[in-house]
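Coordinates from data03.tsv are shown below (TSV, C-alpha atoms and all ligand atoms).
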```
chain	number	residue	atom	x	y	z
A	246	MET	CA	42.70	-16.27	30.80
A	247	SER	CA	40.34	-16.12	27.85
A	248	ARG	CA	41.84	-14.51	24.79
A	249	VAL	CA	40.35	-13.62	21.42
A	250	LYS	CA	41.60	-15.50	18.40
A	251	THR	CA	41.73	-13.41	15.27
A	252	LEU	CA	41.00	-14.71	11.78
A	253	GLY	CA	44.69	-14.25	10.93
A	254	GLN	CA	45.84	-16.31	13.93
A	255	PHE	CA	43.25	-19.01	13.23
A	256	ILE	CA	44.31	-19.30	9.57
A	257	ILE	CA	47.99	-19.63	10.52
A	258	GLU	CA	47.17	-22.22	13.18
A	259	LYS	CA	45.20	-24.29	10.66
A	260	GLN	CA	47.96	-24.00	8.09
A	261	ALA	CA	50.44	-25.45	10.58
A	262	GLU	CA	48.36	-28.67	10.55
A	263	PHE	CA	49.50	-29.21	6.94
A	264	PRO	CA	53.30	-29.61	7.06
A	265	PHE	CA	53.80	-29.15	3.30
A	266	SER	CA	51.48	-26.22	2.91
A	267	LYS	CA	53.13	-23.13	1.48
A	268	GLY	CA	50.46	-20.86	2.89
A	269	GLU	CA	48.91	-19.83	-0.42
A	270	LEU	CA	45.35	-20.65	0.62
A	271	SER	CA	45.91	-18.91	3.94
A	272	ARG	CA	47.04	-15.77	2.14
A	273	LEU	CA	44.07	-15.96	-0.20
A	274	LEU	CA	41.64	-16.12	2.74
A	275	ARG	CA	43.48	-13.26	4.39
A	276	ASP	CA	43.16	-11.15	1.21
A	277	ILE	CA	39.41	-11.83	1.07
A	278	GLY	CA	39.13	-10.86	4.75
A	279	ILE	CA	40.90	-7.55	4.12
A	280	ALA	CA	38.73	-6.66	1.12
A	281	SER	CA	35.58	-7.49	3.07
A	282	LYS	CA	36.58	-5.08	5.84
A	283	ILE	CA	36.85	-2.30	3.26
A	284	VAL	CA	33.45	-3.25	1.80
A	285	ASN	CA	31.98	-3.32	5.31
A	286	ARG	CA	33.24	0.22	5.91
A	287	GLU	CA	31.44	1.43	2.77
A	288	VAL	CA	28.28	-0.57	3.49
A	289	ASN	CA	28.13	1.09	6.91
A	290	LYS	CA	27.91	4.51	5.33
A	291	ALA	CA	25.63	3.53	2.47
A	292	GLY	CA	22.88	5.89	3.68
A	293	LEU	CA	25.28	8.81	3.43
A	294	ALA	CA	25.53	8.54	-0.34
A	295	ASP	CA	22.61	10.95	-0.75
A	296	ILE	CA	24.27	13.48	1.50
A	297	LEU	CA	27.75	13.17	0.06
A	298	GLY	CA	26.62	12.79	-3.54
A	299	ASP	CA	24.50	10.38	-5.59
A	300	VAL	CA	25.85	7.36	-7.39
A	301	GLY	CA	27.65	8.49	-10.51
A	302	GLU	CA	28.33	11.96	-9.07
A	303	ILE	CA	31.44	13.41	-7.51
A	304	ASN	CA	31.13	13.65	-3.74
A	305	ILE	CA	32.46	16.47	-1.61
A	306	GLN	CA	35.76	14.64	-1.19
A	307	GLY	CA	36.12	14.86	-4.97
A	308	GLU	CA	35.75	11.06	-5.27
A	309	ASN	CA	33.44	9.27	-7.66
A	310	VAL	CA	30.51	7.75	-5.77
A	311	LYS	CA	30.04	4.21	-7.01
A	312	LYS	CA	27.26	1.74	-6.67
A	313	LEU	CA	28.18	-0.55	-3.79
A	314	ASP	CA	28.08	-3.72	-5.83
A	315	VAL	CA	30.51	-2.20	-8.31
A	316	PHE	CA	32.67	-0.93	-5.46
A	317	ALA	CA	32.67	-4.34	-3.76
A	318	ASN	CA	33.57	-6.06	-7.02
A	319	GLU	CA	36.52	-3.73	-7.52
A	320	GLN	CA	37.75	-4.26	-3.96
A	321	PHE	CA	37.76	-8.05	-4.19
A	322	ILE	CA	39.36	-8.03	-7.64
A	323	ALA	CA	42.06	-5.63	-6.43
A	324	ALA	CA	42.81	-7.67	-3.30
A	325	LEU	CA	42.94	-10.94	-5.23
A	326	SER	CA	45.05	-9.42	-8.01
A	327	VAL	CA	47.84	-8.12	-5.81
A	328	GLY	CA	47.88	-11.14	-3.49
A	329	GLY	CA	49.60	-13.39	-6.05
A	330	GLU	CA	47.71	-16.54	-5.05
A	331	CYS	CA	44.87	-16.43	-7.56
A	332	CYS	CA	45.21	-16.65	-11.36
A	333	ALA	CA	41.61	-15.89	-12.33
A	334	ILE	CA	38.37	-14.56	-10.87
A	335	ALA	CA	34.78	-15.25	-11.92
A	336	SER	CA	32.41	-12.60	-10.60
A	337	GLU	CA	28.68	-12.10	-10.81
A	338	GLU	CA	29.45	-8.56	-11.96
A	339	ASN	CA	31.58	-9.61	-14.96
A	340	GLU	CA	30.40	-11.51	-18.01
A	341	HIS	CA	33.78	-13.15	-18.55
A	342	ILE	CA	36.48	-14.36	-16.17
A	343	ILE	CA	39.16	-11.89	-15.13
A	344	THR	CA	42.62	-13.33	-15.65
A	345	ILE	CA	45.38	-11.85	-13.54
A	346	ASP	CA	48.26	-11.19	-15.82
A	347	ASN	CA	51.24	-10.48	-13.62
A	348	GLU	CA	54.34	-12.58	-12.97
A	349	MET	CA	53.30	-13.61	-9.48
A	350	SER	CA	49.66	-14.41	-10.17
A	351	LYS	CA	49.57	-15.98	-13.58
A	352	ASN	CA	51.05	-19.25	-12.37
A	353	ALA	CA	49.15	-19.17	-9.09
A	354	LYS	CA	47.39	-22.35	-7.94
A	355	TYR	CA	43.89	-21.08	-7.25
A	356	VAL	CA	40.87	-19.50	-8.92
A	357	VAL	CA	38.17	-17.61	-7.02
A	358	ALA	CA	34.47	-17.29	-7.86
A	359	ILE	CA	32.64	-14.47	-6.13
A	360	ASP	CA	29.30	-12.77	-5.65
A	361	PRO	CA	30.74	-9.48	-4.36
A	362	LEU	CA	27.45	-8.11	-3.08
A	363	ASP	CA	24.58	-10.49	-2.49
A	364	GLY	CA	21.17	-9.04	-1.74
A	365	SER	CA	22.04	-5.83	-3.54
A	366	SER	CA	18.39	-4.71	-3.68
A	367	ASN	CA	18.61	-4.32	0.11
A	368	ILE	CA	21.47	-1.81	0.17
A	369	ASP	CA	19.29	1.26	-0.15
A	370	VAL	CA	16.99	0.19	2.67
A	371	ASN	CA	19.59	-0.53	5.35
A	372	VAL	CA	19.07	-4.29	5.37
A	373	SER	CA	21.84	-6.89	5.62
A	374	VAL	CA	23.78	-7.79	2.49
A	375	GLY	CA	26.68	-10.17	1.96
A	376	THR	CA	29.57	-11.49	-0.10
A	377	ILE	CA	29.91	-15.14	-1.18
A	378	PHE	CA	33.16	-16.73	-2.34
A	379	SER	CA	34.36	-20.09	-3.56
A	380	ILE	CA	37.94	-21.25	-4.12
A	381	TYR	CA	39.08	-24.00	-6.50
A	382	ARG	CA	42.49	-25.39	-7.39
A	383	ARG	CA	43.03	-24.61	-11.07
A	384	THR	CA	42.88	-27.51	-13.52
A	385	SER	CA	44.97	-25.81	-16.22
A	386	LEU	CA	48.67	-26.40	-15.75
A	387	ALA	CA	50.13	-22.90	-15.83
A	388	GLY	CA	49.86	-19.44	-17.36
A	389	LEU	CA	46.60	-17.51	-17.36
A	390	GLY	CA	43.49	-19.06	-15.78
A	391	THR	CA	40.77	-20.42	-18.09
A	392	ASN	CA	37.00	-20.93	-18.03
A	393	GLU	CA	37.59	-24.66	-17.56
A	394	ASP	CA	39.29	-23.92	-14.25
A	395	PHE	CA	35.84	-22.89	-13.02
A	396	PHE	CA	33.92	-25.73	-14.64
A	397	GLN	CA	34.44	-28.09	-11.73
A	398	ARG	CA	31.84	-29.64	-9.52
A	399	GLY	CA	31.19	-28.07	-6.14
A	400	THR	CA	32.69	-31.15	-4.52
A	401	GLU	CA	36.08	-29.90	-5.77
A	402	GLN	CA	35.93	-26.66	-3.78
A	403	VAL	CA	38.99	-26.11	-1.61
A	404	ALA	CA	37.32	-23.46	0.50
A	405	ALA	CA	34.16	-21.38	0.50
A	406	GLY	CA	32.67	-18.71	2.67
A	407	TYR	CA	30.47	-15.72	3.03
A	408	VAL	CA	30.64	-12.38	4.74
A	409	ILE	CA	27.47	-10.91	6.17
A	410	TYR	CA	27.31	-7.15	6.56
A	411	GLY	CA	24.64	-7.18	9.25
A	412	SER	CA	24.11	-5.68	12.69
A	413	SER	CA	27.67	-6.87	13.04
A	414	CYS	CA	29.95	-8.01	10.24
A	415	MET	CA	30.77	-11.72	10.20
A	416	MET	CA	32.89	-13.98	8.05
A	417	VAL	CA	31.94	-17.65	7.93
A	418	TYR	CA	34.08	-20.10	6.01
A	419	THR	CA	35.03	-23.72	5.53
A	420	THR	CA	38.01	-25.54	4.10
A	421	GLY	CA	36.18	-28.86	4.39
A	422	LYS	CA	36.90	-29.43	8.06
A	423	GLY	CA	33.83	-27.85	9.61
A	424	VAL	CA	32.61	-24.28	9.55
A	425	ASN	CA	33.92	-21.42	11.64
A	426	GLY	CA	32.48	-17.95	12.10
A	427	PHE	CA	34.37	-14.75	12.90
A	428	THR	CA	32.81	-11.49	14.04
A	429	LEU	CA	34.46	-8.19	13.19
A	430	ASP	CA	35.42	-6.25	16.29
A	431	PRO	CA	35.35	-2.70	14.93
A	432	SER	CA	37.41	-1.38	17.85
A	433	ILE	CA	40.46	-3.39	16.75
A	434	GLY	CA	39.50	-3.90	13.09
A	435	GLU	CA	39.89	-7.69	13.34
A	436	PHE	CA	37.62	-10.66	12.67
A	437	CYS	CA	37.59	-12.67	15.91
A	438	LEU	CA	36.57	-16.31	16.27
A	439	SER	CA	33.07	-16.12	17.73
A	440	HIS	CA	31.35	-19.24	16.32
A	441	PRO	CA	33.75	-22.22	16.35
A	442	GLN	CA	32.62	-25.44	14.62
A	443	MET	CA	29.15	-24.26	13.63
A	444	LYS	CA	26.43	-26.90	13.36
A	445	THR	CA	22.93	-26.42	12.00
A	446	PRO	CA	19.96	-28.25	13.59
A	447	LYS	CA	18.69	-31.27	11.60
A	448	MET	CA	15.13	-30.07	11.98
A	449	ALA	CA	13.63	-26.68	12.71
A	450	LYS	CA	10.55	-24.60	12.03
A	451	THR	CA	11.54	-21.79	9.67
A	452	TYR	CA	11.00	-21.77	5.92
A	453	SER	CA	12.36	-19.02	3.67
A	454	ILE	CA	11.03	-18.49	0.16
A	455	ASN	CA	9.68	-15.61	-1.92
A	456	GLU	CA	6.03	-16.61	-1.69
A	457	GLY	CA	5.05	-13.85	-4.11
A	458	ASN	CA	6.09	-16.30	-6.80
A	459	TYR	CA	3.75	-18.99	-5.42
A	460	VAL	CA	1.55	-19.34	-8.49
A	461	HIS	CA	4.59	-20.16	-10.63
A	462	PHE	CA	6.22	-22.69	-8.29
A	463	PRO	CA	6.44	-26.38	-9.17
A	464	GLU	CA	3.62	-28.40	-7.61
A	465	GLY	CA	6.02	-30.08	-5.16
A	466	VAL	CA	7.02	-26.69	-3.70
A	467	LYS	CA	3.40	-25.55	-3.43
A	468	LYS	CA	2.49	-28.73	-1.58
A	469	TYR	CA	5.55	-28.47	0.71
A	470	ILE	CA	4.67	-24.85	1.58
A	471	LYS	CA	1.15	-25.97	2.46
A	472	TYR	CA	2.68	-28.71	4.64
A	473	CYS	CA	4.76	-26.03	6.45
A	474	GLN	CA	1.61	-24.00	7.09
A	475	GLU	CA	-0.60	-26.80	8.39
A	476	GLU	CA	-1.32	-27.17	12.08
A	477	ASP	CA	0.15	-30.26	13.72
A	478	ASP	CA	1.40	-30.28	17.31
A	479	ALA	CA	3.43	-33.46	16.91
A	480	THR	CA	5.65	-31.92	14.23
A	481	ASN	CA	5.62	-28.40	15.65
A	482	ARG	CA	3.70	-26.95	12.72
A	483	PRO	CA	2.82	-24.44	11.44
A	484	TYR	CA	6.38	-23.25	10.80
A	485	SER	CA	7.42	-19.61	10.67
A	486	SER	CA	8.09	-17.88	7.39
A	487	ARG	CA	11.20	-15.66	7.28
A	488	TYR	CA	12.46	-14.09	4.05
A	489	ILE	CA	14.84	-11.14	3.89
A	490	GLY	CA	15.67	-11.30	0.19
A	491	SER	CA	19.41	-11.35	0.89
A	492	GLY	CA	20.34	-14.99	0.44
A	493	VAL	CA	23.37	-14.68	2.72
A	494	ALA	CA	21.28	-13.21	5.54
A	495	ASP	CA	18.48	-15.75	5.18
A	496	ILE	CA	20.91	-18.63	5.04
A	497	HIS	CA	23.04	-17.32	7.89
A	498	ARG	CA	19.97	-17.09	10.14
A	499	ASN	CA	18.83	-20.56	9.10
A	500	LEU	CA	22.31	-21.97	9.65
A	501	LEU	CA	22.30	-20.69	13.23
A	502	THR	CA	18.73	-21.52	14.21
A	503	GLY	CA	17.76	-24.16	11.62
A	504	GLY	CA	15.40	-23.88	8.68
A	505	ILE	CA	15.10	-24.30	4.94
A	506	TYR	CA	15.83	-21.73	2.23
A	507	MET	CA	14.26	-22.35	-1.17
A	508	TYR	CA	14.63	-20.63	-4.51
A	509	PRO	CA	12.86	-22.96	-6.95
A	510	THR	CA	12.11	-22.48	-10.62
A	511	THR	CA	9.54	-19.80	-11.47
A	512	ALA	CA	7.97	-18.57	-14.70
A	513	LYS	CA	10.44	-15.66	-14.76
A	514	SER	CA	13.40	-17.90	-13.90
A	515	PRO	CA	12.62	-21.30	-15.44
A	516	LYS	CA	16.07	-22.62	-14.41
A	517	GLY	CA	15.96	-20.97	-11.00
A	518	LYS	CA	17.44	-17.57	-10.21
A	519	LEU	CA	20.56	-18.29	-8.20
A	520	ARG	CA	23.94	-19.03	-9.76
A	521	LEU	CA	25.62	-22.35	-9.24
A	522	LEU	CA	29.23	-21.19	-9.29
A	523	TYR	CA	29.36	-18.29	-6.85
A	524	GLU	CA	26.09	-18.61	-4.88
A	525	CYS	CA	24.81	-22.18	-4.62
A	526	ASN	CA	28.01	-24.23	-4.54
A	527	PRO	CA	29.77	-22.22	-1.82
A	528	LEU	CA	26.61	-22.02	0.30
A	529	ALA	CA	26.08	-25.76	-0.22
A	530	PHE	CA	29.66	-26.52	0.90
A	531	ILE	CA	29.16	-24.47	4.05
A	532	ILE	CA	25.76	-25.94	4.96
A	533	GLU	CA	26.97	-29.51	4.37
A	534	GLN	CA	30.00	-28.87	6.56
A	535	ALA	CA	27.60	-27.61	9.23
A	536	GLY	CA	25.58	-30.85	8.98
A	537	GLY	CA	22.87	-29.60	6.60
A	538	LYS	CA	22.00	-30.35	2.99
A	539	ALA	CA	21.65	-28.55	-0.34
A	540	THR	CA	19.86	-29.86	-3.43
A	541	ASP	CA	18.24	-28.55	-6.59
A	542	GLY	CA	15.04	-30.25	-5.41
A	543	THR	CA	16.27	-33.76	-6.14
A	544	LYS	CA	20.04	-33.76	-6.84
A	545	ARG	CA	22.88	-32.70	-4.55
A	546	ILE	CA	24.01	-29.18	-5.55
A	547	MET	CA	27.73	-29.95	-5.24
A	548	GLU	CA	27.47	-32.82	-7.74
A	549	LEU	CA	25.83	-30.80	-10.52
A	550	ASP	CA	27.82	-30.39	-13.73
A	551	ILE	CA	28.69	-26.88	-14.75
A	552	SER	CA	29.35	-25.60	-18.25
A	553	GLU	CA	28.58	-21.87	-17.98
A	554	LEU	CA	30.02	-19.28	-15.62
A	555	HIS	CA	26.62	-17.79	-14.80
A	556	GLN	CA	24.66	-21.05	-14.86
A	557	ARG	CA	21.53	-21.02	-12.73
A	558	THR	CA	19.96	-23.72	-10.60
A	559	PRO	CA	17.01	-24.08	-8.24
A	560	LEU	CA	18.16	-24.29	-4.61
A	561	PHE	CA	16.81	-26.04	-1.51
A	562	LEU	CA	19.23	-25.57	1.36
A	563	GLY	CA	19.28	-25.94	5.12
A	564	SER	CA	18.37	-28.40	7.88
A	565	SER	CA	18.84	-31.91	6.52
A	566	GLU	CA	15.44	-33.34	7.45
A	567	MET	CA	13.64	-30.32	6.01
A	568	VAL	CA	15.57	-30.51	2.71
A	569	ASP	CA	14.80	-34.24	2.54
A	570	MET	CA	11.12	-33.59	3.11
A	571	ALA	CA	10.99	-30.87	0.43
A	572	GLY	CA	12.77	-33.32	-1.90
A	573	GLU	CA	10.12	-35.97	-1.24
A	574	TYR	CA	7.42	-33.50	-2.26
A	575	MET	CA	9.41	-32.59	-5.38
A	576	ASN	CA	9.67	-36.25	-6.36
A	577	THR	CA	6.06	-37.05	-5.61
A	578	TYR	CA	4.68	-34.17	-7.69
A	579	ALA	CA	7.37	-34.15	-10.39
A	580	GLU	CA	4.90	-34.89	-13.19
A	581	VAL	CA	2.39	-32.12	-12.43
A	582	PRO	CA	2.89	-29.22	-14.89
A	583	THR	CA	3.66	-25.75	-13.48
A	584	LYS	CA	1.36	-22.85	-14.36
A	585	ASN	CA	3.48	-20.89	-16.82
A	586	ASP	CA	1.82	-17.78	-18.16
B	601	LIG	P1	22.14	-10.66	-5.90
B	601	LIG	O1	21.84	-9.44	-5.08
B	601	LIG	O2	23.58	-11.08	-5.83
B	601	LIG	O3	21.64	-10.54	-7.31
B	601	LIG	O4	21.37	-11.94	-5.25
B	601	LIG	C1	20.09	-11.84	-4.73
B	601	LIG	C2	19.54	-13.23	-4.60
B	601	LIG	C3	19.56	-13.81	-3.21
B	601	LIG	O5	20.50	-13.29	-2.35
B	601	LIG	C4	18.18	-13.57	-2.67
B	601	LIG	O6	17.79	-14.53	-1.75
B	601	LIG	C5	17.35	-13.61	-3.91
B	601	LIG	O7	18.17	-13.21	-4.97
B	601	LIG	C6	16.17	-12.71	-3.81
B	601	LIG	O8	15.44	-12.82	-4.96
B	601	LIG	P2	13.90	-12.37	-5.04
B	601	LIG	O9	13.90	-10.88	-4.89
B	601	LIG	O10	13.48	-12.82	-6.41
B	601	LIG	O11	13.16	-13.09	-3.95
B	602	MN	MN	23.63	-13.02	-5.06
B	603	MN	MN	25.35	-9.96	-6.26
```
Could you take the file, read its structure, and then write that structure out as structure tokens?
Ligand code: AHG
Ligand code: MN
Ligand code: MN
Amino acid sequence: MSRVKTLGQFIIEKQAEFPFSKGELSRLLRDIGIASKIVNREVNKAGLADILGDVGEINIQGENVKKLDVFANEQFIAALSVGGECCAIASEENEHIITIDNEMSKNAKYVVAIDPLDGSSNIDVNVSVGTIFSIYRRTSLAGLGTNEDFFQRGTEQVAAGYVIYGSSCMMVYTTGKGVNGFTLDPSIGEFCLSHPQMKTPKMAKTYSINEGNYVHFPEGVKKYIKYCQEEDDATNRPYSSRYIGSGVADIHRNLLTGGIYMYPTTAKSPKGKLRLLYECNPLAFIIEQAGGKATDGTKRIMELDISELHQRTPLFLGSSEMVDMAGEYMNTYAEVPTKND
């Protein structure tokens, strides 16, 4: 008889494979799963905000209507603060880290970096958004978490994942032993294992980039885009262009069907737009575990040094052969100056 496996059951099963595990990481993942279900509930009624009251107003229930990214941030911070497994949080929404100062949490083993709502410009137009998270073992010995706990390379991640609030809600995560995807069954309120051991194709025919920035891209990116658009039967070109503007949604699609996502440097974002700690590193961990690659154009994302919480980096992520090819173009045209007006 086939039976659904819930996220909770799956986590416990995996934990049993580590005889000395005390279950802290399992509880942390569970807490993130719970918070994401609450966020999903609010995302699903995002269009009702105008009916029930605008952001910043009191709705008819007498509650304050909050922007969804603020709401999501609060939900994840609350879930991680009461769980007792996390001593500090770094969030896109907060300039500084949030240390969790209670008896249970302050000596906890883990720190969590999070982009609570990714693709936030898409909320008001009913397009998929997401959450990205990354978990590290703290490097400080005890007490409150510190900035240095977050200044570790992506290779040190213990776990990473994303939640996509799409036509269905899915959580995809890795602890370094492959990637598994869980779809929320709203009728029972549980994430159920729907995509075991996800693998991304090595080669595909989708490229995802904000081409509006074309004039400001490095020469290597311009040339690679032209390569994608050329006609060539042998290599299945031209490729298709797909860009939602929610990184999680673009990368989730590309993970499933293959493709490359690029956010290179631009005139407006000379270091790239995306953040290393809570966007690029977790997404890189996931795509590598699914057999893909992630670089900043030349170097592996997970080996980049980090010295600022909100540090930015260019990102090239997806099917391994496509990322390699984009990297070759980046190397070949490295010396050509970018138009920067
Ligand atoms: P966030 O909503 O967390 O600020 O992130 C949005 C990111 C990423 O998800 C997306 O792919 C990219 O920014 C879109 O940027 P452009 O609008 O510049 O293309
Ligand atoms: Mn984001
Ligand atoms: Mn965000």
**Study point:** Env. residues ligand MN 603 (chain B) / 12 Å / all atoms listed in the file / as a PyMOL selection string
**Key:** chain A and resi 312-318+336-339+358-368+374-378+490-493+518-520+523-524+555
Could you write out the selected residues, including C-alpha atoms, as a CSV table (one decimal), in the coordinates of the input?
```csv
chain,number,residue,atom,x,y,z
A,312,LYS,CA,27.3,1.7,-6.7
A,313,LEU,CA,28.2,-0.6,-3.8
A,314,ASP,CA,28.1,-3.7,-5.8
A,315,VAL,CA,30.5,-2.2,-8.3
A,316,PHE,CA,32.7,-0.9,-5.5
A,317,ALA,CA,32.7,-4.3,-3.8
A,318,ASN,CA,33.6,-6.1,-7.0
A,336,SER,CA,32.4,-12.6,-10.6
A,337,GLU,CA,28.7,-12.1,-10.8
A,338,GLU,CA,29.4,-8.6,-12.0
A,339,ASN,CA,31.6,-9.6,-15.0
A,358,ALA,CA,34.5,-17.3,-7.9
A,359,ILE,CA,32.6,-14.5,-6.1
A,360,ASP,CA,29.3,-12.8,-5.6
A,361,PRO,CA,30.7,-9.5,-4.4
A,362,LEU,CA,27.4,-8.1,-3.1
A,363,ASP,CA,24.6,-10.5,-2.5
A,364,GLY,CA,21.2,-9.0,-1.7
A,365,SER,CA,22.0,-5.8,-3.5
A,366,SER,CA,18.4,-4.7,-3.7
A,367,ASN,CA,18.6,-4.3,0.1
A,368,ILE,CA,21.5,-1.8,0.2
A,374,VAL,CA,23.8,-7.8,2.5
A,375,GLY,CA,26.7,-10.2,2.0
A,376,THR,CA,29.6,-11.5,-0.1
A,377,ILE,CA,29.9,-15.1,-1.2
A,378,PHE,CA,33.2,-16.7,-2.3
A,490,GLY,CA,15.7,-11.3,0.2
A,491,SER,CA,19.4,-11.4,0.9
A,492,GLY,CA,20.3,-15.0,0.4
A,493,VAL,CA,23.4,-14.7,2.7
A,518,LYS,CA,17.4,-17.6,-10.2
A,519,LEU,CA,20.6,-18.3,-8.2
A,520,ARG,CA,23.9,-19.0,-9.8
A,523,TYR,CA,29.4,-18.3,-6.8
A,524,GLU,CA,26.1,-18.6,-4.9
A,555,HIS,CA,26.6,-17.8,-14.8
```
Point to revise | Selected residue of minimal separation from ligand MN 602 (chain B) among A:Phe395, A:Leu522, A:Phe561, A:Thr577, counting only C-alpha atoms and all ligand atoms | key: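 That would be A:Leu522, the residue with the smallest distance to ligand MN 602 (chain B).
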**Study point:** Counting all atoms listed in the file, the option among A:Val372, A:Met575, A:Ile343, A:Val327 closest to Ala291 in chain A
**Key:** A:Val372
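In terms of minimum interatomic distance to ligand MN 602 (chain B), A:Tyr407 ranks closest within A:Tyr407, A:His461, A:Arg482, A:Tyr469, counting all atoms listed in the file.
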Check your understanding: If you measure from CA of Arg272 in chain A to CA of Asn289 in chain A, what distance in Å do you get, rounded to one decimal?
Key -> 25.8 Å
Practice item. Pick out the closest residue to Ser385 in chain A from this set: A:Arg398, A:Cys332, A:Cys437, A:Asp369. Count only C-alpha atoms. Key: A:Cys332
All residues 9 Å or closer to Leu389 in chain A, all atoms listed in the file, same chain fewer than 3 positions away omitted, as a CSV table (one decimal) with C-alpha atoms, keeping the file's coordinate frame:
```csv
chain,number,residue,atom,x,y,z
A,332,CYS,CA,45.2,-16.6,-11.4
A,333,ALA,CA,41.6,-15.9,-12.3
A,344,THR,CA,42.6,-13.3,-15.6
A,345,ILE,CA,45.4,-11.8,-13.5
A,346,ASP,CA,48.3,-11.2,-15.8
A,350,SER,CA,49.7,-14.4,-10.2
A,351,LYS,CA,49.6,-16.0,-13.6
A,352,ASN,CA,51.0,-19.2,-12.4
A,353,ALA,CA,49.2,-19.2,-9.1
A,385,SER,CA,45.0,-25.8,-16.2
```
Exercise for review: Mind giving me the straight-line distance from CA of His497 in chain A to CA of Asn526 in chain A in Å, one decimal?
Suggested key: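 Computed distance, CA of His497 in chain A to CA of Asn526 in chain A, equals 15.1 Å.
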Point to revise | Length of the CA of Thr391 in chain A to CA of Glu340 in chain A vector [Å] | key: 13.7 Å
Practice item. Between A:Leu562, A:Ile279, A:Leu521, A:Leu549, single out the one closest to Met507 in chain A, counting all atoms listed in the file. Key: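 Among the listed residues, A:Leu562 lies closest to Met507 in chain A.
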Check your understanding: So, counting all atoms listed in the file, which residue among A:Gly329, A:Gly423, A:Gly388, A:Pro559 is closest to ligand LIG 601 (chain B)?
Key -> A:Pro559
Point to revise | Who sits within 7 Å of Arg383 in chain A, all atoms listed in the file, same chain under 5 positions skipped, as a ChimeraX atom specification | key: /A:354-356,394
Exercise for review: Within 9 Å of Gly572 in chain A, counting all atoms listed in the file, which residues show up once you throw out same-chain ones fewer than 5 positions away? Write them as a VMD selection string, please.
Suggested key: chain A and resid 465 to 466 540 to 544 561 567 577
Put those residues in a file: C-alpha atoms, as a compact mmCIF listing (two decimals), in the coordinates of the input.
```txt
# COMPACT_ATOMS: atom_id res chain seq x y z
CA GLY A 465 6.02 -30.08 -5.16
CA VAL A 466 7.02 -26.69 -3.70
CA THR A 540 19.86 -29.86 -3.43
CA ASP A 541 18.24 -28.55 -6.59
CA GLY A 542 15.04 -30.25 -5.41
CA THR A 543 16.27 -33.76 -6.14
CA LYS A 544 20.04 -33.76 -6.84
CA PHE A 561 16.81 -26.04 -1.51
CA MET A 567 13.64 -30.32 6.01
CA THR A 577 6.06 -37.05 -5.61
```
Could you please give me, as a PDB file with C-alpha atoms, keeping the file's coordinate frame, the residues of protein, DNA or RNA lying at most 8 Å from (43.7, -5.7, 1.6) in the coordinate frame of the file, considering all atoms listed in the file?
```pdb
ATOM      1  CA  ASP A 276      43.160 -11.150   1.210  1.00  0.00           C
ATOM      2  CA  ILE A 277      39.410 -11.830   1.070  1.00  0.00           C
ATOM      3  CA  GLY A 278      39.130 -10.860   4.750  1.00  0.00           C
ATOM      4  CA  ILE A 279      40.900  -7.550   4.120  1.00  0.00           C
ATOM      5  CA  ALA A 280      38.730  -6.660   1.120  1.00  0.00           C
ATOM      6  CA  ILE A 283      36.850  -2.300   3.260  1.00  0.00           C
ATOM      7  CA  ALA A 324      42.810  -7.670  -3.300  1.00  0.00           C
TER       8      ALA A 324
END
```
Exercise for review: Fewer than 2 positions away in the same chain doesn't count, so skip those; otherwise give me all residues within 12 Å of Glu464 in chain A, counting all atoms listed in the file, as a list in words.
Suggested key: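 Contacts, with the query itself left out: Tyr459, Val460, His461, Phe462, Val466, Lys467, Lys468, Tyr469, Ile470, Lys471, Pro509, Thr510, Thr511, Gly542, Ala571, Gly572, Glu573, Tyr574, Met575, Asn576, Thr577, Tyr578, Ala579, Glu580, Val581, Pro582, Thr583, Lys584 and Asn585 of chain A.
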Review point. Could you pull the residues within 12 Å of Met448 in chain A, counting all atoms listed in the file, minus those fewer than 2 positions along the same chain, as a ChimeraX atom specification?
Key: /A:444-446,450-452,480-482,484,499-505,536-538,563-570
